[in-house]
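Take a look at the structure below.
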Amino acid sequence: HNDYREQSPPLWHAVSLGIASVEADLHLRNGTLYLGHLFPSHKTLEEVYLAPLDEKIKTDGYVWSYNSTQPLNILFELKTASVPTYQALYQLVAGYAHMFSEVGVDGRFRQAPVHCVVTGGRPTEYMEQERPPHFCSIDAFATDNPYNQVFAPLVSYSFPDTFGRFTRTLDRGQLARLRQMVRTAGSNRQRLRFWAMPTTEALWRQMVQSDPQRDVIV
């Protein structure tokens, strides 16, 4: 999440570890998208993430050599007014259409090396009504009405709100809930993301063991 503040260069350390989902916070200023959590930095989305990815994919055709079909999910959290910030993001992503998955004018989904997922202040009604091609999906929240897996391939939950009191590992009841969530998401062809999750090795092992196919929890 916003690794441009800690890694030089950003993104590639996460990619080298096999991390398939990263997040960047976006601020729209004078028509340009800048990265920043609470306030915009001087670094733009295009120079830090999109241009380097474009060079990598044009050269190799994929993000990971050992798993060329695994897409990289980039979650873009919109920090400024949702519709104009999304419009600027759409225009920028459309300029790199070859590397982003899309739903085309024929209504068919085409997978590409990178998935654009909009989170935070999501303009869901605007995005539902816009005409294809669609280059971005939404990060669905637990409080949303159900969306189909193309519009919302990812569903996010607050770890504390979902599991409540936590020590070092999930107890039997919490594990049962997690496994049911994995089964439900898998049957809906969606993926799960938990935020504000403790970073204990024992918990991570439970997460991995609860997702036998390694294709639901991201």
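Order determines the names: the first chain of the structure tokens is A, the second B, and so forth; residues in each chain are numbered 1 upward, and ligands are numbered 1 upward as they are shown.
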Who sits within 7 Å of region 44-55 of chain A, only C-alpha atoms, same chain under 6 positions skipped, as an mmCIF file with all heavy atoms, in the first residue's frame:
```cif
data_model
loop_
_atom_site.group_PDB
_atom_site.id
_atom_site.type_symbol
_atom_site.label_atom_id
_atom_site.label_comp_id
_atom_site.auth_asym_id
_atom_site.auth_seq_id
_atom_site.Cartn_x
_atom_site.Cartn_y
_atom_site.Cartn_z
ATOM 1 N N LEU A 33 -3.006 12.899 -11.947
ATOM 2 C CA LEU A 33 -3.191 12.034 -10.787
ATOM 3 C C LEU A 33 -1.874 11.863 -10.049
ATOM 4 O O LEU A 33 -0.901 11.311 -10.585
ATOM 5 C CB LEU A 33 -3.727 10.671 -11.226
ATOM 6 C CG LEU A 33 -5.174 10.674 -11.716
ATOM 7 C CD1 LEU A 33 -5.532 9.336 -12.336
ATOM 8 C CD2 LEU A 33 -6.141 11.010 -10.586
ATOM 9 N N TYR A 34 -1.874 12.336 -8.798
ATOM 10 C CA TYR A 34 -0.694 12.227 -7.939
ATOM 11 C C TYR A 34 -0.928 11.175 -6.864
ATOM 12 O O TYR A 34 -2.055 10.961 -6.413
ATOM 13 C CB TYR A 34 -0.381 13.570 -7.277
ATOM 14 C CG TYR A 34 0.099 14.625 -8.232
ATOM 15 C CD1 TYR A 34 -0.799 15.503 -8.842
ATOM 16 C CD2 TYR A 34 1.449 14.754 -8.545
ATOM 17 C CE1 TYR A 34 -0.366 16.474 -9.737
ATOM 18 C CE2 TYR A 34 1.900 15.725 -9.439
ATOM 19 C CZ TYR A 34 0.982 16.582 -10.025
ATOM 20 O OH TYR A 34 1.418 17.535 -10.915
ATOM 21 N N LEU A 35 0.151 10.530 -6.447
ATOM 22 C CA LEU A 35 0.083 9.549 -5.388
ATOM 23 C C LEU A 35 0.181 10.247 -4.035
ATOM 24 O O LEU A 35 0.866 11.263 -3.898
ATOM 25 C CB LEU A 35 1.236 8.557 -5.520
ATOM 26 C CG LEU A 35 1.269 7.753 -6.823
ATOM 27 C CD1 LEU A 35 2.609 7.049 -6.964
ATOM 28 C CD2 LEU A 35 0.142 6.739 -6.866
#
```
Exercise. Can you tell me, as an MDAnalysis selection string, what residues are no more than 10 Å from Pro71 (chain A) when counting only C-alpha atoms, ignoring any on the same chain fewer than 2 positions away?
Worked result: chainID A and resid 20:21 62:64 67:69 73:74 99:101 111:115
For this session: Could you please write out, as a ChimeraX atom specification, every residue of region 1-155 of chain A that DSSP assigns to strand (DSSP E)?
Result: /A:21-29,32-35,72-78,102-103,109-110,114-120,136-141,154-155
Seminar exercise, completed: Using only C-alpha atoms, the best pick from A:Thr199, A:Gln91, A:Thr143, A:Ser82 as closest to Thr119 (chain A) would be A:Ser82
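With only C-alpha atoms as the atoms that count, the residue of A:Met181, A:Leu175, A:Ala88, A:Val218 with the shortest distance to Arg193 (chain A) is A:Val218.
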